[in-house]
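Source file: target32.txt (compact mmCIF, C-alpha atoms and all ligand atoms)
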```txt
# COMPACT_ATOMS: atom_id res chain seq x y z
CA MET A 1 23.00 -12.36 -16.79
CA THR A 2 26.27 -13.04 -18.60
CA PRO A 3 28.37 -10.13 -19.83
CA ASN A 4 28.27 -9.65 -23.57
CA PRO A 5 31.13 -7.43 -24.77
CA GLU A 6 29.45 -7.02 -28.19
CA LYS A 7 26.36 -5.46 -26.66
CA LYS A 8 26.18 -1.74 -26.03
CA LYS A 9 25.95 -0.84 -22.37
CA LEU A 10 22.64 0.50 -21.11
CA VAL A 11 22.81 4.08 -19.90
CA VAL A 12 21.26 4.56 -16.46
CA ALA A 13 20.49 7.83 -14.65
CA THR A 14 19.20 8.21 -11.11
CA THR A 15 18.09 11.14 -8.99
CA SER A 16 16.50 11.95 -5.67
CA LEU A 17 13.73 14.57 -5.55
CA ALA A 18 11.67 14.97 -2.35
CA GLY A 19 13.18 11.84 -0.86
CA CYS A 20 15.66 11.00 1.86
CA PHE A 21 18.23 9.15 -0.29
CA GLY A 22 17.14 5.93 1.41
CA CYS A 23 16.23 4.45 -1.96
CA HIS A 24 19.71 5.23 -3.24
CA MET A 25 21.20 3.64 -0.13
CA SER A 26 19.12 0.57 -0.86
CA PHE A 27 20.38 0.66 -4.45
CA LEU A 28 23.90 0.46 -3.06
CA ASP A 29 22.79 -2.46 -0.90
CA ILE A 30 23.01 -4.63 -4.00
CA ASP A 31 26.58 -4.78 -2.63
CA GLU A 32 29.18 -6.57 -4.77
CA ARG A 33 26.58 -7.14 -7.49
CA ILE A 34 27.38 -3.56 -8.50
CA LEU A 35 30.56 -4.94 -10.11
CA GLN A 36 28.42 -7.22 -12.24
CA LEU A 37 26.09 -4.31 -12.96
CA ILE A 38 28.79 -2.07 -14.40
CA THR A 39 29.69 -4.70 -16.98
CA HIS A 40 26.17 -4.14 -18.37
CA VAL A 41 25.39 -0.49 -17.68
CA GLU A 42 27.09 2.87 -17.52
CA PHE A 43 25.85 5.54 -15.16
CA ASN A 44 24.99 9.01 -16.37
CA ARG A 45 23.54 11.64 -14.04
CA SER A 46 23.40 10.12 -10.57
CA PRO A 47 24.47 10.90 -7.00
CA ILE A 48 26.48 7.69 -7.31
CA ASP A 49 28.97 9.25 -9.78
CA ASP A 50 28.12 12.91 -9.07
CA ILE A 51 27.33 13.78 -12.70
CA LYS A 52 25.04 16.80 -12.24
CA HIS A 53 23.05 16.82 -15.48
CA ILE A 54 22.01 14.23 -18.02
CA ASN A 55 24.39 14.74 -20.94
CA LYS A 56 23.23 12.04 -23.34
CA PRO A 57 20.10 10.01 -24.04
CA CYS A 58 19.54 7.40 -21.31
CA ASP A 59 17.88 4.02 -21.45
CA VAL A 60 16.60 3.98 -17.89
CA GLY A 61 15.98 6.65 -15.28
CA PHE A 62 15.29 5.86 -11.62
CA VAL A 63 13.57 8.60 -9.67
CA GLU A 64 13.43 8.63 -5.90
CA GLY A 65 11.06 11.02 -4.14
CA GLY A 66 7.99 12.94 -5.23
CA CYS A 67 7.78 16.59 -6.26
CA CYS A 68 7.54 19.20 -3.50
CA ASN A 69 8.99 22.21 -5.34
CA THR A 70 9.56 23.63 -8.82
CA GLU A 71 13.10 22.29 -9.02
CA ASN A 72 11.83 18.75 -8.47
CA VAL A 73 9.38 19.21 -11.34
CA HIS A 74 12.15 20.57 -13.57
CA THR A 75 14.44 17.62 -12.80
CA LEU A 76 11.66 15.10 -13.28
CA ARG A 77 10.81 16.58 -16.67
CA GLU A 78 14.50 16.45 -17.63
CA PHE A 79 14.49 12.75 -16.75
CA ARG A 80 11.30 12.05 -18.68
CA LYS A 81 12.65 13.84 -21.73
CA ASN A 82 15.93 11.93 -21.75
CA CYS A 83 15.05 8.44 -20.45
CA LYS A 84 13.39 5.75 -22.51
CA ILE A 85 12.15 3.95 -19.41
CA LEU A 86 11.29 5.99 -16.34
CA VAL A 87 10.99 4.13 -13.05
CA SER A 88 9.50 5.50 -9.83
CA LEU A 89 11.73 4.17 -7.09
CA GLY A 90 10.13 3.88 -3.65
CA GLN A 91 7.03 5.08 -1.82
CA CYS A 92 7.78 8.83 -1.99
CA ALA A 93 8.01 8.74 -5.79
CA ILE A 94 4.91 6.54 -6.01
CA THR A 95 2.66 8.08 -3.33
CA GLY A 96 4.36 11.29 -2.22
CA GLY A 97 5.34 9.38 0.92
CA LEU A 98 6.30 11.02 4.17
CA PRO A 99 6.67 14.56 2.72
CA ALA A 100 3.08 14.26 1.46
CA MET A 101 1.86 14.14 5.06
CA ARG A 102 1.69 17.92 4.70
CA ASN A 103 -0.87 17.56 1.91
CA GLY A 104 -4.29 18.55 3.12
CA ILE A 105 -2.87 21.17 5.52
CA PRO A 106 -3.22 24.77 4.22
CA MET A 107 0.11 26.30 3.10
CA SER A 108 -0.41 29.37 5.28
CA ASP A 109 -0.67 27.12 8.37
CA LEU A 110 2.51 25.29 7.36
CA PHE A 111 4.50 28.47 6.79
CA SER A 112 3.42 30.11 10.00
CA GLU A 113 4.09 26.90 11.97
CA VAL A 114 7.60 26.50 10.53
CA TYR A 115 8.82 30.09 10.22
CA GLN A 116 6.66 32.29 12.42
CA ASN A 117 5.39 30.47 15.51
CA THR A 118 8.86 29.20 16.23
CA ASN A 119 11.48 29.74 18.89
CA ASN A 120 14.20 28.40 16.65
CA PRO A 121 17.04 30.95 17.00
CA THR A 122 18.22 30.44 13.41
CA LEU A 123 14.79 31.59 12.27
CA GLY A 124 14.77 34.58 14.63
CA ASN A 125 13.52 37.07 12.06
CA HIS A 126 10.31 35.05 11.52
CA LEU A 127 10.43 35.78 7.79
CA ILE A 128 9.03 33.36 5.27
CA PRO A 129 11.91 32.78 2.78
CA ASN A 130 11.20 34.40 -0.54
CA ASP A 131 14.32 34.60 -2.68
CA GLU A 132 14.36 33.93 -6.40
CA GLU A 133 17.31 31.56 -5.86
CA ILE A 134 15.08 29.26 -3.82
CA PRO A 135 12.79 26.90 -5.71
CA ILE A 136 9.14 27.68 -5.12
CA ILE A 137 7.36 25.21 -2.90
CA LEU A 138 4.31 23.55 -4.46
CA ASP A 139 0.80 23.64 -3.00
CA ARG A 140 1.22 19.98 -2.14
CA VAL A 141 3.61 17.09 -2.74
CA TYR A 142 2.90 15.28 -6.01
CA PRO A 143 3.68 11.64 -6.80
CA CYS A 144 5.88 11.53 -9.94
CA HIS A 145 3.24 9.90 -12.15
CA GLU A 146 0.92 12.86 -11.51
CA ILE A 147 3.50 15.12 -13.22
CA VAL A 148 4.93 12.96 -16.04
CA LYS A 149 4.25 9.52 -17.48
CA VAL A 150 6.02 6.85 -15.45
CA ASP A 151 6.62 3.42 -16.97
CA ALA A 152 7.31 1.23 -13.96
CA PHE A 153 7.15 1.35 -10.18
CA LEU A 154 9.33 -0.29 -7.55
CA PRO A 155 7.56 0.01 -4.20
CA GLY A 156 9.14 0.05 -0.76
CA CYS A 157 10.41 2.41 1.88
CA PRO A 158 13.04 1.87 0.72
CA PRO A 159 12.57 -0.77 -1.98
CA ASN A 160 14.37 -3.96 -1.03
CA ALA A 161 17.83 -4.17 -2.65
CA ASP A 162 16.83 -7.56 -4.06
CA LEU A 163 13.80 -5.94 -5.70
CA ILE A 164 16.03 -3.28 -7.26
CA TRP A 165 18.42 -5.98 -8.43
CA GLU A 166 15.60 -8.07 -9.86
CA ALA A 167 14.35 -5.01 -11.75
CA LEU A 168 17.82 -4.16 -13.08
CA VAL A 169 18.37 -7.72 -14.32
CA ARG A 170 14.99 -7.75 -16.01
CA ILE A 171 15.63 -4.40 -17.70
CA ILE A 172 19.04 -5.58 -18.91
CA GLU A 173 17.45 -8.78 -20.22
CA GLY A 174 14.64 -6.80 -21.87
CA LYS A 175 11.91 -8.34 -19.70
CA SER A 176 8.79 -6.83 -18.15
CA LEU A 177 8.71 -5.50 -14.60
CA ASP A 178 5.32 -7.06 -13.86
CA ASP A 179 5.03 -9.93 -11.35
CA LEU A 180 8.03 -9.07 -9.21
CA THR A 181 8.95 -11.52 -6.44
CA TYR A 182 6.37 -11.43 -3.61
CA GLN A 183 8.89 -11.45 -0.76
CA TYR A 184 10.59 -8.30 -2.10
CA PHE A 185 7.44 -6.47 -3.21
CA LYS A 186 6.59 -4.46 -0.09
CA TYR A 187 5.38 -0.96 0.79
CA ASP A 188 7.49 -0.57 3.93
CA MET B 189 -14.68 -32.83 5.87
CA GLU B 190 -18.43 -33.18 5.89
CA GLN B 191 -19.60 -33.06 2.30
CA GLY B 192 -22.29 -30.62 1.27
CA THR B 193 -25.31 -31.41 -0.81
CA ILE B 194 -25.27 -28.49 -3.20
CA LYS B 195 -23.09 -28.53 -6.28
CA ILE B 196 -21.70 -25.26 -7.56
CA THR B 197 -18.96 -24.36 -10.02
CA ILE B 198 -16.30 -21.77 -9.27
CA ASP B 199 -14.40 -20.94 -12.43
CA ASP B 200 -13.83 -24.43 -13.81
CA LYS B 201 -13.94 -26.28 -10.53
CA GLU B 202 -17.01 -28.17 -9.34
CA ILE B 203 -17.38 -28.13 -5.56
CA TRP B 204 -19.87 -29.32 -2.96
CA ALA B 205 -21.39 -26.71 -0.71
CA LYS B 206 -23.78 -26.81 2.21
CA ASP B 207 -27.26 -25.42 2.20
CA GLY B 208 -27.31 -21.86 3.53
CA GLN B 209 -23.60 -21.27 3.06
CA SER B 210 -22.36 -18.11 1.42
CA VAL B 211 -20.28 -18.40 -1.74
CA VAL B 212 -17.25 -17.15 0.23
CA GLU B 213 -17.66 -19.87 2.89
CA ALA B 214 -18.21 -22.63 0.35
CA ALA B 215 -15.16 -21.52 -1.60
CA ARG B 216 -13.02 -21.35 1.53
CA GLU B 217 -13.98 -24.89 2.60
CA ASN B 218 -12.89 -26.07 -0.83
CA HIS B 219 -9.54 -24.25 -0.71
CA ILE B 220 -10.58 -21.53 -3.13
CA PHE B 221 -9.72 -18.00 -2.07
CA ILE B 222 -12.21 -15.21 -2.61
CA PRO B 223 -10.70 -12.03 -1.14
CA THR B 224 -12.62 -10.29 1.64
CA LEU B 225 -12.02 -7.32 3.89
CA CYS B 226 -15.25 -6.61 5.77
CA ASP B 227 -16.05 -10.31 6.20
CA TYR B 228 -14.85 -11.63 9.55
CA LYS B 229 -15.12 -15.09 11.01
CA SER B 230 -18.41 -15.46 12.85
CA LEU B 231 -19.84 -12.03 12.06
CA LYS B 232 -22.90 -11.69 9.90
CA PRO B 233 -21.67 -10.46 6.49
CA ALA B 234 -22.08 -6.75 5.88
CA GLY B 235 -21.20 -6.60 2.18
CA THR B 236 -19.60 -3.19 2.56
CA CYS B 237 -16.18 -3.61 0.93
CA ARG B 238 -17.17 -5.44 -2.31
CA LEU B 239 -13.73 -7.09 -2.50
CA CYS B 240 -15.44 -10.47 -2.82
CA THR B 241 -17.17 -9.38 -6.01
CA VAL B 242 -17.78 -12.34 -8.32
CA LYS B 243 -19.89 -12.74 -11.42
CA ILE B 244 -22.95 -14.98 -11.20
CA GLY B 245 -25.42 -15.21 -14.07
CA GLY B 246 -23.75 -12.29 -15.83
CA ARG B 247 -24.13 -9.98 -12.82
CA PHE B 248 -21.63 -8.72 -10.30
CA VAL B 249 -22.55 -9.69 -6.75
CA SER B 250 -20.75 -9.81 -3.42
CA ALA B 251 -19.90 -13.44 -2.66
CA CYS B 252 -20.15 -12.95 1.13
CA THR B 253 -23.84 -12.03 1.00
CA THR B 254 -24.84 -14.48 -1.76
CA THR B 255 -26.09 -17.88 -0.65
CA VAL B 256 -25.16 -20.93 -2.71
CA SER B 257 -27.80 -22.63 -4.83
CA ASN B 258 -27.64 -25.83 -6.81
CA GLY B 259 -25.98 -25.53 -10.21
CA MET B 260 -24.71 -22.01 -9.51
CA LYS B 261 -21.82 -20.92 -11.75
CA VAL B 262 -19.40 -18.45 -10.19
CA GLU B 263 -16.73 -16.49 -12.01
CA ASN B 264 -13.96 -15.71 -9.53
CA GLU B 265 -10.52 -15.46 -11.12
CA SER B 266 -11.22 -13.93 -14.54
CA SER B 267 -9.10 -10.98 -15.61
CA GLU B 268 -12.21 -8.79 -15.48
CA ILE B 269 -12.92 -9.68 -11.84
CA LYS B 270 -9.27 -9.36 -10.88
CA ASP B 271 -9.18 -5.87 -12.33
CA ILE B 272 -12.38 -4.86 -10.52
CA ARG B 273 -10.91 -6.06 -7.24
CA LYS B 274 -7.64 -4.30 -7.89
CA SER B 275 -9.49 -1.08 -8.66
CA LEU B 276 -11.45 -1.41 -5.39
CA ILE B 277 -8.20 -1.82 -3.47
CA GLU B 278 -6.78 1.21 -5.26
CA MET B 279 -9.86 3.26 -4.41
CA LEU B 280 -9.48 2.38 -0.73
CA PHE B 281 -5.83 3.41 -0.86
CA VAL B 282 -6.46 6.81 -2.46
CA GLU B 283 -9.56 7.56 -0.40
CA GLY B 284 -7.71 7.58 2.92
CA ASN B 285 -4.11 8.27 3.83
CA HIS B 286 -2.45 4.87 3.94
CA MET B 287 1.19 5.55 4.78
CA CYS B 288 2.40 1.97 4.99
CA PRO B 289 6.01 2.84 5.91
CA SER B 290 4.90 4.43 9.18
CA CYS B 291 1.94 2.20 10.02
CA GLU B 292 2.00 -0.10 13.05
CA LYS B 293 -0.11 -2.64 11.18
CA SER B 294 2.22 -2.87 8.17
CA GLY B 295 2.96 -6.52 7.41
CA ASN B 296 -0.17 -7.63 9.27
CA CYS B 297 -2.66 -5.47 7.36
CA ASP B 298 -5.29 -7.15 5.20
CA LEU B 299 -5.68 -4.18 2.86
CA GLN B 300 -1.93 -4.02 2.25
CA ALA B 301 -1.78 -7.79 1.82
CA LEU B 302 -4.51 -7.67 -0.81
CA ALA B 303 -2.69 -4.87 -2.58
CA TYR B 304 0.41 -7.11 -2.64
CA ARG B 305 -1.58 -10.05 -3.93
CA TYR B 306 -3.11 -7.94 -6.70
CA GLN B 307 0.25 -6.22 -7.28
CA MET B 308 -0.85 -2.66 -6.86
CA THR B 309 1.98 -0.27 -7.62
CA ALA B 310 0.62 3.21 -8.27
CA PRO B 311 -3.17 3.45 -8.00
CA ARG B 312 -4.90 4.46 -11.26
CA PHE B 313 -6.82 7.12 -9.30
CA PRO B 314 -5.31 10.30 -7.84
CA PHE B 315 -4.66 10.31 -4.10
CA SER B 316 -7.23 12.39 -2.23
CA PHE B 317 -4.83 13.52 0.57
CA THR B 318 -7.75 14.30 2.83
CA ASN B 319 -6.93 15.91 6.12
CA ARG B 320 -8.23 13.54 8.75
CA ARG B 321 -7.49 13.53 12.45
CA LEU B 322 -5.95 11.04 14.77
CA ASP B 323 -7.70 10.56 18.11
CA ALA B 324 -5.44 9.34 20.92
CA SER B 325 -7.66 10.50 23.78
CA LEU B 326 -8.50 7.02 25.10
CA PRO B 327 -6.03 5.42 27.54
CA HIS B 328 -5.34 2.29 25.48
CA LEU B 329 -6.73 2.83 22.00
CA ILE B 330 -5.79 5.11 19.11
CA LEU B 331 -8.34 5.89 16.42
CA GLU B 332 -6.34 6.66 13.28
CA HIS B 333 -9.09 8.04 11.05
CA ASN B 334 -6.72 8.35 8.10
CA ARG B 335 -6.70 4.57 7.74
CA CYS B 336 -10.30 3.53 8.38
CA ILE B 337 -11.98 1.80 5.43
CA GLN B 338 -15.46 1.73 7.01
CA CYS B 339 -15.71 -2.03 6.96
CA LEU B 340 -17.81 -2.09 10.15
CA ARG B 341 -15.85 -5.01 11.59
CA CYS B 342 -15.29 -3.19 14.90
CA VAL B 343 -18.89 -2.01 15.03
CA ARG B 344 -20.19 -5.54 14.53
CA GLY B 345 -17.55 -7.47 16.44
CA VAL B 346 -16.47 -5.50 19.52
CA ARG B 347 -19.28 -4.91 22.00
CA ALA B 348 -19.76 -4.09 25.65
CA LYS B 349 -20.49 -6.91 28.12
CA ASP B 350 -24.22 -6.22 28.05
CA GLY B 351 -24.20 -6.39 24.23
CA ARG B 352 -24.36 -2.63 23.73
CA ASP B 353 -22.51 -1.11 20.79
CA LEU B 354 -19.09 0.33 21.57
CA PHE B 355 -18.12 1.51 18.10
CA GLY B 356 -20.25 3.43 15.66
CA PHE B 357 -20.11 5.89 12.80
CA VAL B 358 -20.77 9.61 12.94
CA ASP B 359 -21.32 12.03 10.06
CA ARG B 360 -21.99 10.98 6.49
CA GLY B 361 -20.28 10.90 3.10
CA ALA B 362 -16.65 11.98 2.94
CA LYS B 363 -16.77 13.08 6.59
CA ILE B 364 -17.94 9.73 7.96
CA HIS B 365 -15.73 8.45 10.74
CA ILE B 366 -15.60 5.85 13.45
CA THR B 367 -16.22 6.80 17.06
CA VAL B 368 -16.29 5.12 20.46
CA ASP B 369 -19.12 5.46 22.94
CA LYS B 370 -17.33 6.92 25.93
CA THR B 371 -20.34 6.50 28.19
CA VAL B 372 -19.64 2.76 28.20
CA GLU B 373 -17.03 1.63 30.69
CA GLU B 374 -15.43 -0.92 28.35
CA ALA B 375 -14.37 1.87 25.97
CA PHE B 376 -11.48 2.56 28.34
CA SER B 377 -10.26 -0.99 28.86
CA GLU B 378 -7.08 -2.57 27.57
CA LYS B 379 -9.06 -5.64 26.57
CA THR B 380 -11.24 -3.60 24.24
CA ALA B 381 -8.18 -2.00 22.66
CA ALA B 382 -6.63 -5.41 22.00
CA ALA B 383 -9.84 -6.81 20.56
CA ALA B 384 -10.34 -3.73 18.39
CA MET B 385 -6.81 -3.86 17.00
CA ALA B 386 -7.18 -7.57 16.26
CA ILE B 387 -10.49 -7.18 14.44
CA CYS B 388 -9.59 -4.09 12.42
CA PRO B 389 -8.24 -5.26 9.04
CA VAL B 390 -6.13 -2.12 8.71
CA GLY B 391 -4.25 0.13 11.12
CA ALA B 392 -7.22 2.32 12.07
CA LEU B 393 -7.51 0.91 15.58
CA ILE B 394 -4.19 0.65 17.35
CA GLN B 395 -3.55 -0.52 20.88
CA LYS B 396 -1.16 1.84 22.61
CA GLY B 397 2.26 0.69 23.70
CA GLY B 398 2.73 -2.52 21.77
CA ALA B 399 3.56 -1.66 18.17
CA TYR B 400 6.40 -2.86 15.96
CA GLN B 401 7.09 -5.94 18.06
CA THR B 402 7.25 -8.47 15.24
CA PRO B 403 10.43 -8.17 13.20
CA ILE B 404 10.19 -7.66 9.45
CA GLY B 405 10.23 -11.08 7.85
CA ASP B 406 8.11 -12.66 10.61
CA ARG B 407 4.96 -10.66 10.09
CA LYS B 408 1.77 -12.26 8.86
CA TYR B 409 2.07 -11.41 5.17
CA ASP B 410 5.83 -10.97 4.77
CA LEU B 411 6.49 -14.27 3.03
CA HIS B 412 3.14 -15.65 1.90
CA PRO B 413 0.34 -13.83 0.10
CA ILE B 414 -3.02 -13.44 1.79
CA GLY B 415 -5.23 -16.38 0.85
CA SER B 416 -2.38 -18.84 0.38
CA GLU B 417 -3.32 -20.48 3.70
CA ILE B 418 -6.78 -21.18 2.26
CA GLU B 419 -5.45 -22.37 -1.07
CA SER B 420 -2.86 -24.70 0.44
CA ASN B 421 -4.88 -25.64 3.53
CA ILE B 422 -1.67 -25.35 5.54
CA GLU B 423 -1.71 -23.09 8.57
CA GLN B 424 0.74 -20.27 8.03
CA SER B 425 3.84 -20.74 10.10
CA GLY B 426 5.05 -17.82 12.19
CA GLY B 427 3.51 -14.39 11.92
CA SER B 428 0.78 -13.10 14.15
CA HIS B 429 -1.22 -9.98 14.57
CA ASP B 430 0.76 -7.39 16.42
CA THR B 431 -1.43 -7.30 19.52
CA LYS B 432 -1.17 -8.38 23.10
CA SER B 433 -4.51 -10.19 23.00
S1 LIG A 501 -11.88 1.19 12.46
FE1 LIG A 501 -11.07 -0.65 11.41
S2 LIG A 501 -12.62 -2.26 11.86
FE2 LIG A 501 -13.59 -0.28 12.34
S3 LIG A 501 -14.68 0.29 10.46
FE3 LIG A 501 -12.65 1.29 10.37
S4 LIG A 501 -11.37 -0.17 9.22
FE4 LIG A 501 -13.18 -1.31 9.88
```

Take the structure in the file and write it out as structure tokens.
Amino acid sequence: MTPNPEKKKLVVATTSLAGCFGCHMSFLDIDERILQLITHVEFNRSPIDDIKHINKPCDVGFVEGGCCNTENVHTLREFRKNCKILVSLGQCAITGGLPAMRNGIPMSDLFSEVYQNTNNPTLGNHLIPNDEEIPIILDRVYPCHEIVKVDAFLPGCPPNADLIWEALVRIIEGKSLDDLTYQYFKYD
Amino acid sequence: MEQGTIKITIDDKEIWAKDGQSVVEAARENHIFIPTLCDYKSLKPAGTCRLCTVKIGGRFVSACTTTVSNGMKVENESSEIKDIRKSLIEMLFVEGNHMCPSCEKSGNCDLQALAYRYQMTAPRFPFSFTNRRLDASLPHLILEHNRCIQCLRCVRGVRAKDGRDLFGFVDRGAKIHITVDKTVEEAFSEKTAAAAMAICPVGALIQKGGAYQTPIGDRKYDLHPIGSEIESNIEQSGGSHDTKS
């Protein structure tokens, strides 16, 4: 991957939905290779540069986490609309992951367990939050590809930094993301 | 290696097999990998998982329950077969709740290893997110019903001293689940728990108190895909099942 000053930089956006930011931490684990990366790409919306909204068409979007509330769905749709290639990054985006362990349990049971049958002093009023400022929680956690079309998937909890790097290099070189290296292709 | 007397062809390779052998066994002896999940060493094949599906005479059959016959032509690695196998793996993943990141068997799990080998990313089917229970009532053994793939390996392979069944299934259809006969003394032993964890291809049977002992990188399938030990005929170095057995 040699820098080519003639070539336009790829625009990359990243976001975390119902995730723990572990995938983003793993992204940063590419370490000093990030210096090489920024000769080929510019970041748009991402927690890495703190740009809050996509403000131009992007070539690639990486999404960490599945969708657990309406805001997640909104953000995911914004990514799909503005990114040529959309990549699900990590197990939560691909399977719903840990947050999806609530799937299959009735919402009423979840709410009463968290807000009503609790001795937590900060939840002393035992009210279930219901403010229009708060995104509405979904009936279950949805993997991203059940909401929008997703073009590629990088598994892992979090995905290995070398897997993320391999994917970035391939995208920059215009290659497919099939047949990723076995040692990096893991679900844990 | 003792040479067999029956000649069969797997994909483009002619091999010698022994009378009475299954296609899976004959392939294995000739360093050809046919994936299996319910098949286990000395146990009589059950043919429940269908992962070993091959095409013989234009029909799909399970290679573990099909006996070799002279001149047999077996299709094993075609793109059609590969896709069928991948779809079976995907179905198993969406049917239960297979949370690899939190599973004690991760890295040593045959289902996960097959999914790696067939490069499953997101299953083509929607996840069912069924609400299954976890039973930790026995002193040494956890039954994690979310992960059971109903392969019957425990039912067939782990028995009481007098030969009585220890494991069995209750209910039918989507509700079917594994259970342990608690009237048998061995159900409570540490030895049974170790044997059960070792025979279970997934993380449905877990021995209490010994998980996560093998570091990532040293686990059975961390570096080499499942089946590569058959294809290369070299025993895999390092890596072992995470049990105390
Ligand atoms: S508990 Fe394990 S060995 Fe027994 S049937 Fe289920 S998956 Fe197979």

inquiry  = Can you work out which residues from chain B touch chain A at a cut-off of 8 Å (counting only C-alpha atoms) and hand them back as a ChimeraX atom specification?
reply    = /B:287-290,294,304,307,309-310,314-315,317-319,410-413

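Of the listed residues B:Tyr400, B:Tyr306, B:Trp204, B:Phe357, the one whose atoms come nearest to ligand LIG 501 (chain A) is B:Phe357, with distances taken using all atoms listed in the file.
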
request  = Pick out the residues no farther than 8 Å from ligand LIG 501 (chain A), counting only C-alpha atoms and all ligand atoms, and list them as a list of chain:residue names.
outcome  =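 Going residue by residue within 8 Å of ligand LIG 501 (chain A), we get B:Cys226, B:Leu331, B:Glu332, B:His333, B:Arg335, B:Cys336, B:Ile337, B:Gln338, B:Cys339, B:Leu340, B:Arg341, B:Cys342, B:Val343, B:Phe355, B:His365, B:Ile366, B:Ala384, B:Met385, B:Ile387, B:Cys388, B:Pro389, B:Val390, B:Gly391, B:Ala392, B:Leu393.
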
key: All residues 12 Å or closer to Glu213 (chain B), only C-alpha atoms, same chain fewer than 6 positions away omitted, as a VMD selection string   = chain B and resid 192 203 to 207 219 to 224 227 to 230 232 to 233 240 251 to 256 418

Output file for the residues above (C-alpha atoms, as a JSON list (two decimals), in the coordinates of the input):
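The new file selection12.json reads:
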```json
[["chain", "number", "residue", "atom", "x", "y", "z"],
["B", 192, "GLY", "CA", -22.29, -30.62, 1.27],
["B", 203, "ILE", "CA", -17.38, -28.13, -5.56],
["B", 204, "TRP", "CA", -19.87, -29.32, -2.96],
["B", 205, "ALA", "CA", -21.39, -26.71, -0.71],
["B", 206, "LYS", "CA", -23.78, -26.81, 2.21],
["B", 207, "ASP", "CA", -27.26, -25.42, 2.20],
["B", 219, "HIS", "CA", -9.54, -24.25, -0.71],
["B", 220, "ILE", "CA", -10.58, -21.53, -3.13],
["B", 221, "PHE", "CA", -9.72, -18.00, -2.07],
["B", 222, "ILE", "CA", -12.21, -15.21, -2.61],
["B", 223, "PRO", "CA", -10.70, -12.03, -1.14],
["B", 224, "THR", "CA", -12.62, -10.29, 1.64],
["B", 227, "ASP", "CA", -16.05, -10.31, 6.20],
["B", 228, "TYR", "CA", -14.85, -11.63, 9.55],
["B", 229, "LYS", "CA", -15.12, -15.09, 11.01],
["B", 230, "SER", "CA", -18.41, -15.46, 12.85],
["B", 232, "LYS", "CA", -22.90, -11.69, 9.90],
["B", 233, "PRO", "CA", -21.67, -10.46, 6.49],
["B", 240, "CYS", "CA", -15.44, -10.47, -2.82],
["B", 251, "ALA", "CA", -19.90, -13.44, -2.66],
["B", 252, "CYS", "CA", -20.15, -12.95, 1.13],
["B", 253, "THR", "CA", -23.84, -12.03, 1.00],
["B", 254, "THR", "CA", -24.84, -14.48, -1.76],
["B", 255, "THR", "CA", -26.09, -17.88, -0.65],
["B", 256, "VAL", "CA", -25.16, -20.93, -2.71],
["B", 418, "ILE", "CA", -6.78, -21.18, 2.26]]
```

message = I want to know what sits within 8 Å of Val60 (chain A), based on only C-alpha atoms, with residues of the same chain fewer than 3 positions away left out; could you give that as a ChimeraX atom specification?
response = /A:10-13,83-87

message = Could you check the closest approach to Gly66 (chain A) for each of A:Asn82, A:Asn44, A:Thr15, A:Ser108 and tell me which residue wins, using all atoms listed in the file?
response =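 Of A:Asn82, A:Asn44, A:Thr15, A:Ser108, the one nearest Gly66 (chain A), counting all atoms listed in the file, is A:Thr15.
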
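CA of Ala303 (chain B) lies 29.3 Å from CA of Asp59 (chain A).
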
request  = Compile the contact shell of Ile136 (chain A) as a PyMOL selection string: residues with an atom at most 7 Å away, counting all atoms listed in the file, same-chain residues fewer than 2 positions apart removed.
outcome  = chain A and resi 69-70+134+138

Output file for the residues above (C-alpha atoms, as a PDB file, in the frame of the given file):
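Okay, again27.pdb is ready:
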```
ATOM      1  CA  ASN A  69       8.990  22.210  -5.340  1.00  0.00           C
ATOM      2  CA  THR A  70       9.560  23.630  -8.820  1.00  0.00           C
ATOM      3  CA  ILE A 134      15.080  29.260  -3.820  1.00  0.00           C
ATOM      4  CA  LEU A 138       4.310  23.550  -4.460  1.00  0.00           C
TER       5      LEU A 138
END
```

ask   = Hey, can you pull every residue with an atom no more than 12 Å from (9.5, 28.4, 1.0), using only C-alpha atoms, and send it as number ranges by chain?
value = A: 68-70, 107-108, 110-112, 114-115, 127-139

ask   = Closest to Gly174 (chain A) among A:Met1, A:Ala161, A:Leu37, A:Ile54, using only C-alpha atoms?
value =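 For Gly174 (chain A), the nearest of the candidates is A:Met1.
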